[in-house]
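Trainee: Questions regarding the structure given below will be posed in turn.
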Amino acid sequence: MPADLANNRPATGIVHLGLGAFFRAFGCVYIADAMAASGGDWGIIGVSLRSPDTRDALRPQNWSYTSVSLGADGEKLRKIDVLSDVLVAPEDPDAVLTAMADPGVKIVTLTVTEKGYCHNPSTGALNLDHPDIQYDLAHDLPVSAPGYLVRALARRHVAGVPPFTVLTCDNLPENGKLVRGMVLQLAERIDPNLAAWIAAEGRFPSTMVDRITPATTDDDIRRLAAQTGTHDAAPVMHEPFAQWAVEDNFVDGQRPDLGAAGAEMVADVTAHEHMKLRMLNGTHSALAYTGYLAGHETIAETVADPVFAAYVRALWSEIMPAVVAPKGVSLTQYADALFDRYANPAIRHRTWQIAMDGSQKLPQRLLGTLRENMDSARPTTAMCVAVAGWMRYVSGVDEAGQPIDVRDPMADRLHALAAQATGPAEIVASLLAVEDIFPADLAQRMQVPVTQAAEQIWADGVRAAVKGASS
Ligand code: CS2
């Protein structure tokens, strides 16, 4: 699509599905830097798959917004100007497919969160019983992210246009391979010829993405307006740190010069992904459940509590033996740097935010590490406290007897299971039986240590259990 010179918008080369704060604080910044360094038509059409809020906030600003980098020692503001439009999928799915099918678009990036892939978190396969997937099998205009990818690729196939590269930026293990498998599964059921073409011509590089980006609050917006004198309705707040490792495997080699923007272009991203998912996201989730239950509002507050500072170190000492360091990386230094990032008081990353969608996150964040440690007879106590903490959390009542606003696609099911059980041992047994999260063989091996952790949490409180797991 040509550049919109009147409005000073770059020509579009990318469609992004799931335009949340993270991608605006991360991918958009890298792509802005890549274009500044080496040019190219890599403007981005953002797509919101659900709500019009981001589009409505950004439109009056001509799609530009402020990125606020919050260091422990002060902040840096920067205007980001790479969006060329924002579409709201439910309002006009055809417009989204038209944008994705445009020959000028070479890449479709995604941050639709774990649940947006409609897969089975424990196996990684597309969940063909998912209502959105059922809908997409029966209709040309889709509702799910995999549906948009397949239907847009179908339009390109019919038009004789090469496929776009699918570049997923979600925290899933071997995320490119996973999405490729799901897209092929869905395409196969719609048209086997389409599936064969995607299998041969499509590219799905895996990526490791990293930048802590809490949801922007109304307070952030007010504070920024007071500071700058200009109202930005949709700024993004993030830490200074960013890391993007990308497999260099794009259709016809067409991509922005991400290397010039500081991304690591690699042949295989698995080592980076494992390290980040297990060491960062694994401990983030563990701190989110236990920290929330102990009354801590943010991750920074949680690790400022010495009991939890010791707990996160105990977690890393369990996790590190199950991580193969990427070339040239020291895992100990990586853990130290993570601690400093968590402790950054300027980042108000709520434990409640990270606690969302645990059913979709636990397998890749904690359960893979747990399994490997059990296979090798290595300790798992701190990780089992995290799993038991999650169980306490999804039961829906906190330690002060207050209801917890549990956000999870499986929240009702998990809550019902916990409510029917009497006492922690029964709750553990009924939640471990949820095979979409816990493979049966692993559940069986986890039963005893997770029950022990749960009994302590229910009897003495999460703080005591965390303390016990850290000594
Ligand atoms: C967090 C991540 O919300 C969460 O589940 O663990 O969003 C985390 O902040 C990012 O992956 C950091 O790169």
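Letters A, B, ... mark the chains of the structure tokens in the order given; residue numbers begin at 1 per chain; ligand numbers begin at 1, in order shown.
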Identify, with DSSP run on backbone atoms, the residues in stretch 233-458 of chain A assigned to strand (DSSP E), and express the list as a PyMOL selection string.
Mentor: chain A and resi 236-238+243-247+264-266
Trainee: Any chance you can output those residues with N, CA and C atoms as a PDB file, in the first residue's frame?
Mentor:
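Result written to again_13.pdb:
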```pdb
ATOM      1  N   VAL A 236       2.308   4.195  25.822  1.00  0.00           N
ATOM      2  CA  VAL A 236       2.704   2.891  26.377  1.00  0.00           C
ATOM      3  C   VAL A 236       3.844   3.103  27.359  1.00  0.00           C
ATOM      4  N   MET A 237       3.808   2.347  28.460  1.00  0.00           N
ATOM      5  CA  MET A 237       4.794   2.480  29.528  1.00  0.00           C
ATOM      6  C   MET A 237       5.585   1.181  29.584  1.00  0.00           C
ATOM      7  N   HIS A 238       6.898   1.278  29.551  1.00  0.00           N
ATOM      8  CA  HIS A 238       7.672   0.033  29.523  1.00  0.00           C
ATOM      9  C   HIS A 238       9.034   0.235  30.156  1.00  0.00           C
ATOM     10  N   GLN A 243      14.647  -7.117  24.238  1.00  0.00           N
ATOM     11  CA  GLN A 243      15.421  -8.126  23.518  1.00  0.00           C
ATOM     12  C   GLN A 243      14.499  -8.835  22.533  1.00  0.00           C
ATOM     13  N   TRP A 244      14.961  -8.939  21.292  1.00  0.00           N
ATOM     14  CA  TRP A 244      14.180  -9.644  20.267  1.00  0.00           C
ATOM     15  C   TRP A 244      15.131 -10.557  19.508  1.00  0.00           C
ATOM     16  N   ALA A 245      14.910 -11.843  19.653  1.00  0.00           N
ATOM     17  CA  ALA A 245      15.675 -12.805  18.858  1.00  0.00           C
ATOM     18  C   ALA A 245      14.716 -13.383  17.826  1.00  0.00           C
ATOM     19  N   VAL A 246      15.117 -13.349  16.560  1.00  0.00           N
ATOM     20  CA  VAL A 246      14.214 -13.704  15.460  1.00  0.00           C
ATOM     21  C   VAL A 246      14.912 -14.690  14.535  1.00  0.00           C
ATOM     22  N   GLU A 247      14.225 -15.759  14.187  1.00  0.00           N
ATOM     23  CA  GLU A 247      14.795 -16.679  13.191  1.00  0.00           C
ATOM     24  C   GLU A 247      14.732 -16.016  11.824  1.00  0.00           C
ATOM     25  N   GLU A 264      18.378  -9.672  17.449  1.00  0.00           N
ATOM     26  CA  GLU A 264      19.354 -10.713  17.114  1.00  0.00           C
ATOM     27  C   GLU A 264      18.729 -11.614  16.063  1.00  0.00           C
ATOM     28  N   MET A 265      19.307 -11.639  14.876  1.00  0.00           N
ATOM     29  CA  MET A 265      18.792 -12.496  13.805  1.00  0.00           C
ATOM     30  C   MET A 265      19.551 -13.817  13.906  1.00  0.00           C
ATOM     31  N   VAL A 266      18.837 -14.893  14.195  1.00  0.00           N
ATOM     32  CA  VAL A 266      19.513 -16.161  14.471  1.00  0.00           C
ATOM     33  C   VAL A 266      18.925 -17.275  13.612  1.00  0.00           C
TER      34      VAL A 266
END
```
Trainee: Extract, using only C-alpha atoms, all DNA, RNA and protein residues at most 12 Å from stretch 183-188 of chain A, discarding same-chain residues fewer than 6 positions from it, and format them as a ChimeraX atom specification.
Mentor: /A:117-119,124-130,132-138,142,144-154,157,166,176-177,194-204
Trainee: Env of A:Phe339: 9 Å cut, atoms = only C-alpha atoms, seq-sep filter 2 positions within chain, self excluded. Answer as an MDAnalysis selection string.
Mentor: chainID A and resid 303 309 312:313 334:337 341:344
Trainee: Find the residues near A:Leu58: any atom within 9 Å, counting only C-alpha atoms, skip ones fewer than 5 places away on the same chain, and give them as an MDAnalysis selection string.
Mentor: chainID A and resid 53 63:65 86 232:234
Trainee: Limited to C-alpha atoms, could you put the picked residues into a file as an mmCIF file, in the first residue's frame?
Mentor:
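Below you can see again.cif, which holds the result:
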```cif
data_model
loop_
_atom_site.group_PDB
_atom_site.id
_atom_site.type_symbol
_atom_site.label_atom_id
_atom_site.label_comp_id
_atom_site.auth_asym_id
_atom_site.auth_seq_id
_atom_site.Cartn_x
_atom_site.Cartn_y
_atom_site.Cartn_z
ATOM 1 C CA ASP A 53 -10.662 1.330 22.305
ATOM 2 C CA TRP A 63 -2.065 6.872 14.887
ATOM 3 C CA SER A 64 0.973 8.234 16.655
ATOM 4 C CA TYR A 65 1.617 7.840 20.384
ATOM 5 C CA VAL A 86 -5.956 0.612 12.990
ATOM 6 C CA ASP A 232 -1.922 11.365 24.611
ATOM 7 C CA ALA A 233 -4.905 9.007 24.966
ATOM 8 C CA ALA A 234 -2.862 5.838 24.437
#
```
Trainee: Contacts of A:Thr213 at 12 Å or less, counting only C-alpha atoms, minus same-chain residues fewer than 4 places along, as a PDB file with N, CA and C atoms, in the first residue's frame?
Mentor:
```pdb
ATOM      1  N   GLY A  20      -2.067  -4.623  21.207  1.00  0.00           N
ATOM      2  CA  GLY A  20      -2.080  -4.235  22.620  1.00  0.00           C
ATOM      3  C   GLY A  20      -0.866  -3.375  22.941  1.00  0.00           C
ATOM      4  N   ALA A  21      -0.749  -3.045  24.232  1.00  0.00           N
ATOM      5  CA  ALA A  21       0.359  -2.178  24.655  1.00  0.00           C
ATOM      6  C   ALA A  21       1.711  -2.833  24.346  1.00  0.00           C
ATOM      7  N   PHE A  22       1.800  -4.158  24.518  1.00  0.00           N
ATOM      8  CA  PHE A  22       3.107  -4.790  24.343  1.00  0.00           C
ATOM      9  C   PHE A  22       3.667  -4.550  22.941  1.00  0.00           C
ATOM     10  N   PHE A  23       2.894  -4.809  21.916  1.00  0.00           N
ATOM     11  CA  PHE A  23       3.478  -4.670  20.577  1.00  0.00           C
ATOM     12  C   PHE A  23       3.778  -3.201  20.259  1.00  0.00           C
ATOM     13  N   ARG A  24       2.954  -2.309  20.776  1.00  0.00           N
ATOM     14  CA  ARG A  24       3.238  -0.880  20.523  1.00  0.00           C
ATOM     15  C   ARG A  24       4.499  -0.414  21.256  1.00  0.00           C
ATOM     16  N   ALA A  25       4.805  -1.099  22.385  1.00  0.00           N
ATOM     17  CA  ALA A  25       6.010  -0.721  23.145  1.00  0.00           C
ATOM     18  C   ALA A  25       7.240  -1.479  22.642  1.00  0.00           C
ATOM     19  N   PHE A  26       7.018  -2.465  21.812  1.00  0.00           N
ATOM     20  CA  PHE A  26       8.114  -3.369  21.453  1.00  0.00           C
ATOM     21  C   PHE A  26       8.304  -3.422  19.929  1.00  0.00           C
ATOM     22  N   SER A  67       5.934   6.555  23.526  1.00  0.00           N
ATOM     23  CA  SER A  67       6.443   5.415  24.286  1.00  0.00           C
ATOM     24  C   SER A  67       7.255   5.998  25.439  1.00  0.00           C
ATOM     25  N   VAL A  68       6.930   5.535  26.659  1.00  0.00           N
ATOM     26  CA  VAL A  68       7.588   6.061  27.851  1.00  0.00           C
ATOM     27  C   VAL A  68       8.454   4.963  28.444  1.00  0.00           C
ATOM     28  N   SER A  69       9.750   5.174  28.378  1.00  0.00           N
ATOM     29  CA  SER A  69      10.684   4.190  28.919  1.00  0.00           C
ATOM     30  C   SER A  69      10.984   4.562  30.368  1.00  0.00           C
ATOM     31  N   LEU A  70      10.610   3.668  31.286  1.00  0.00           N
ATOM     32  CA  LEU A  70      10.691   3.987  32.715  1.00  0.00           C
ATOM     33  C   LEU A  70      11.904   3.316  33.340  1.00  0.00           C
ATOM     34  N   VAL A 209      10.581 -12.707  22.389  1.00  0.00           N
ATOM     35  CA  VAL A 209      10.336 -11.275  22.592  1.00  0.00           C
ATOM     36  C   VAL A 209      10.450 -10.974  24.079  1.00  0.00           C
ATOM     37  N   THR A 217      -2.373   2.857  32.630  1.00  0.00           N
ATOM     38  CA  THR A 217      -3.521   3.209  33.483  1.00  0.00           C
ATOM     39  C   THR A 217      -3.960   4.653  33.220  1.00  0.00           C
ATOM     40  N   PRO A 235      -0.683   6.264  25.457  1.00  0.00           N
ATOM     41  CA  PRO A 235       0.770   6.059  25.534  1.00  0.00           C
ATOM     42  C   PRO A 235       1.070   4.635  25.996  1.00  0.00           C
ATOM     43  N   VAL A 236       2.308   4.195  25.822  1.00  0.00           N
ATOM     44  CA  VAL A 236       2.704   2.891  26.377  1.00  0.00           C
ATOM     45  C   VAL A 236       3.844   3.103  27.359  1.00  0.00           C
ATOM     46  N   MET A 237       3.808   2.347  28.460  1.00  0.00           N
ATOM     47  CA  MET A 237       4.794   2.480  29.528  1.00  0.00           C
ATOM     48  C   MET A 237       5.585   1.181  29.584  1.00  0.00           C
ATOM     49  N   HIS A 238       6.898   1.278  29.551  1.00  0.00           N
ATOM     50  CA  HIS A 238       7.672   0.033  29.523  1.00  0.00           C
ATOM     51  C   HIS A 238       9.034   0.235  30.156  1.00  0.00           C
ATOM     52  N   GLU A 239       9.696  -0.870  30.414  1.00  0.00           N
ATOM     53  CA  GLU A 239      11.049  -0.791  30.957  1.00  0.00           C
ATOM     54  C   GLU A 239      12.023  -0.418  29.818  1.00  0.00           C
ATOM     55  N   PRO A 240      13.252   0.042  30.168  1.00  0.00           N
ATOM     56  CA  PRO A 240      14.230   0.369  29.120  1.00  0.00           C
ATOM     57  C   PRO A 240      14.690  -0.874  28.348  1.00  0.00           C
ATOM     58  N   PHE A 241      14.770  -2.008  29.034  1.00  0.00           N
ATOM     59  CA  PHE A 241      15.295  -3.229  28.424  1.00  0.00           C
ATOM     60  C   PHE A 241      14.398  -3.725  27.285  1.00  0.00           C
ATOM     61  N   ALA A 242      15.013  -4.221  26.220  1.00  0.00           N
ATOM     62  CA  ALA A 242      14.258  -4.935  25.180  1.00  0.00           C
ATOM     63  C   ALA A 242      15.185  -5.952  24.533  1.00  0.00           C
ATOM     64  N   ARG A 341      15.489  -5.968  36.939  1.00  0.00           N
ATOM     65  CA  ARG A 341      14.344  -5.527  36.135  1.00  0.00           C
ATOM     66  C   ARG A 341      13.052  -5.631  36.961  1.00  0.00           C
ATOM     67  N   TYR A 342      12.887  -6.715  37.691  1.00  0.00           N
ATOM     68  CA  TYR A 342      11.684  -6.876  38.518  1.00  0.00           C
ATOM     69  C   TYR A 342      11.627  -5.793  39.595  1.00  0.00           C
ATOM     70  N   ALA A 346       9.889   1.976  39.112  1.00  0.00           N
ATOM     71  CA  ALA A 346       9.105   2.809  38.187  1.00  0.00           C
ATOM     72  C   ALA A 346       8.104   1.965  37.388  1.00  0.00           C
ATOM     73  N   ILE A 347       8.323   0.652  37.364  1.00  0.00           N
ATOM     74  CA  ILE A 347       7.418  -0.236  36.609  1.00  0.00           C
ATOM     75  C   ILE A 347       6.365  -0.799  37.560  1.00  0.00           C
ATOM     76  N   ARG A 348       5.125  -0.362  37.350  1.00  0.00           N
ATOM     77  CA  ARG A 348       4.048  -0.877  38.225  1.00  0.00           C
ATOM     78  C   ARG A 348       3.314  -2.014  37.512  1.00  0.00           C
ATOM     79  N   HIS A 349       3.961  -3.165  37.502  1.00  0.00           N
ATOM     80  CA  HIS A 349       3.391  -4.323  36.805  1.00  0.00           C
ATOM     81  C   HIS A 349       2.595  -5.128  37.816  1.00  0.00           C
ATOM     82  N   ARG A 350       1.284  -5.104  37.676  1.00  0.00           N
ATOM     83  CA  ARG A 350       0.432  -5.701  38.709  1.00  0.00           C
ATOM     84  C   ARG A 350       0.500  -7.220  38.699  1.00  0.00           C
ATOM     85  N   GLN A 353      -2.338  -8.635  36.885  1.00  0.00           N
ATOM     86  CA  GLN A 353      -2.264  -8.670  35.412  1.00  0.00           C
ATOM     87  C   GLN A 353      -1.533  -9.928  34.945  1.00  0.00           C
ATOM     88  N   ILE A 354      -0.407 -10.215  35.575  1.00  0.00           N
ATOM     89  CA  ILE A 354       0.393 -11.371  35.150  1.00  0.00           C
ATOM     90  C   ILE A 354      -0.329 -12.681  35.503  1.00  0.00           C
TER      91      ILE A 354
END
```
Trainee: Tell me which protein, DNA and RNA residues are within 6 Å of stretch 456-469 of chain A, counting only C-alpha atoms, leaving out same-chain ones fewer than 6 positions away, and put them as a list in words.
Mentor: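 Using only C-alpha atoms, the neighbours found are Val307, Thr381 and Ala382 of chain A.
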Trainee: Which residue out of A:Thr111, A:Ser470, A:Ser317, A:Asn120 has the minimum interatomic distance to ligand 1 when only C-alpha atoms and all ligand atoms are used?
Mentor: A:Thr111
Trainee: Could you work out how far atom CA of A:Leu338 lies from atom CA of A:Asp305, giving the answer in Å with one decimal?
Mentor: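 Distance reported for this atom pair: 16.0 Å.
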Trainee: What is the distance between atom CA of A:Val329 and atom CA of A:Asn281, in Å to one decimal?
Mentor: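 Computed distance, atom CA of A:Val329 to atom CA of A:Asn281, equals 17.8 Å.
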Trainee: Which residues are near A:Ala101? Cut-off 6 Å, only C-alpha atoms, ignore same chain within fewer than 3 positions. Put them as a ChimeraX atom specification.
Mentor: /A:97-98,152,156
Trainee: Let's see if you can do this: from backbone DSSP, list all helix (DSSP H, G or I) residues in stretch 314-453 of chain A, as a ChimeraX atom specification.
Mentor: /A:314-322,331-343,351-355,358-375,381-394,411-420,424-432,440-453
Trainee: What would the file look like if the residues just selected were written as a compact mmCIF listing (two decimals), in the first residue's frame with C-alpha atoms?
Mentor:
```txt
# COMPACT_ATOMS: atom_id res chain seq x y z
CA ALA A 314 15.24 -20.33 44.94
CA LEU A 315 13.10 -20.65 41.83
CA TRP A 316 16.03 -19.71 39.59
CA SER A 317 18.25 -22.25 41.25
CA GLU A 318 15.64 -24.92 40.43
CA ILE A 319 15.04 -23.65 36.90
CA MET A 320 18.60 -22.96 35.72
CA PRO A 321 19.70 -26.61 35.50
CA ALA A 322 16.81 -27.14 33.05
CA LEU A 331 22.46 -17.76 33.16
CA THR A 332 23.58 -16.41 36.52
CA GLN A 333 24.06 -12.96 35.04
CA TYR A 334 20.75 -13.29 33.22
CA ALA A 335 19.01 -14.07 36.54
CA ASP A 336 20.73 -11.12 38.27
CA ALA A 337 19.61 -8.81 35.49
CA LEU A 338 16.05 -10.17 35.76
CA PHE A 339 16.04 -9.43 39.46
CA ASP A 340 17.02 -5.81 38.80
CA ARG A 341 14.34 -5.53 36.13
CA TYR A 342 11.68 -6.88 38.52
CA ALA A 343 12.85 -4.53 41.26
CA THR A 351 0.58 -9.26 40.01
CA TRP A 352 -3.10 -9.47 39.06
CA GLN A 353 -2.26 -8.67 35.41
CA ILE A 354 0.39 -11.37 35.15
CA ALA A 355 -1.87 -13.84 36.98
CA GLY A 358 -2.70 -19.11 34.05
CA SER A 359 -4.29 -22.17 32.47
CA GLN A 360 -2.71 -21.10 29.18
CA LYS A 361 0.64 -20.13 30.67
CA LEU A 362 1.61 -22.79 33.22
CA PRO A 363 2.59 -25.55 30.76
CA GLN A 364 5.36 -23.64 28.95
CA ARG A 365 6.38 -21.49 31.93
CA LEU A 366 6.64 -24.05 34.73
CA LEU A 367 5.47 -27.54 33.87
CA GLY A 368 8.18 -28.34 31.29
CA THR A 369 10.86 -27.39 33.82
CA LEU A 370 9.10 -29.37 36.54
CA ARG A 371 8.97 -32.44 34.35
CA GLU A 372 12.66 -32.25 33.45
CA ASN A 373 13.65 -31.74 37.06
CA MET A 374 11.59 -34.75 38.12
CA ASP A 375 13.13 -36.84 35.33
CA THR A 381 9.88 -27.53 45.88
CA ALA A 382 9.74 -23.85 44.91
CA MET A 383 8.00 -24.61 41.62
CA CYS A 384 5.44 -26.82 43.38
CA VAL A 385 4.64 -23.92 45.71
CA ALA A 386 4.00 -21.82 42.60
CA VAL A 387 1.60 -24.41 41.17
CA ALA A 388 -0.17 -24.74 44.53
CA GLY A 389 -0.30 -20.92 44.71
CA TRP A 390 -2.01 -20.90 41.31
CA MET A 391 -4.52 -23.45 42.64
CA ARG A 392 -5.21 -21.29 45.68
CA TYR A 393 -5.61 -18.29 43.38
CA VAL A 394 -8.05 -19.92 40.93
CA ALA A 411 -11.96 -19.69 35.19
CA ASP A 412 -15.49 -21.07 35.62
CA ARG A 413 -14.41 -24.67 35.21
CA LEU A 414 -11.47 -24.29 37.60
CA HIS A 415 -13.59 -22.46 40.14
CA ALA A 416 -16.29 -25.14 40.02
CA LEU A 417 -13.72 -27.91 40.50
CA ALA A 418 -12.21 -26.15 43.50
CA ALA A 419 -15.64 -25.38 44.97
CA GLN A 420 -16.74 -29.02 44.81
CA PRO A 424 -6.48 -28.60 49.74
CA ALA A 425 -5.68 -32.25 48.96
CA GLU A 426 -8.95 -32.69 47.10
CA ILE A 427 -8.56 -29.35 45.32
CA VAL A 428 -5.09 -30.37 44.14
CA ALA A 429 -6.38 -33.75 42.96
CA SER A 430 -9.27 -32.27 41.00
CA LEU A 431 -7.21 -29.50 39.38
CA LEU A 432 -4.35 -31.83 38.48
CA ALA A 440 -1.83 -37.29 33.12
CA ASP A 441 1.61 -38.81 33.75
CA LEU A 442 3.02 -35.51 35.02
CA ALA A 443 -0.05 -34.87 37.16
CA GLN A 444 0.48 -38.17 38.88
CA ARG A 445 4.08 -37.34 39.68
CA MET A 446 3.17 -33.88 40.93
CA GLN A 447 0.41 -35.06 43.24
CA VAL A 448 2.46 -35.56 46.42
CA PRO A 449 4.72 -32.47 46.34
CA VAL A 450 1.95 -30.10 45.18
CA THR A 451 -0.40 -31.45 47.86
CA GLN A 452 2.27 -30.81 50.49
CA ALA A 453 2.71 -27.25 49.25
```
Trainee: With distances taken over only C-alpha atoms, which residue among A:Ala89, A:Ala225, A:Val15, A:Leu287 lies nearest A:Ile299?
Mentor: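 Closest candidate: A:Leu287.
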Trainee: What is the atom CA of A:Ser471-atom CA of A:Val323 distance in Å, reported with one decimal?
Mentor: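 A separation of 22.2 Å between them.
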Trainee: Here is a test: counting only C-alpha atoms, which residue of A:Asp33, A:Asp436, A:Glu114, A:Asp218 is nearest to A:Asp81?
Mentor: A:Asp33
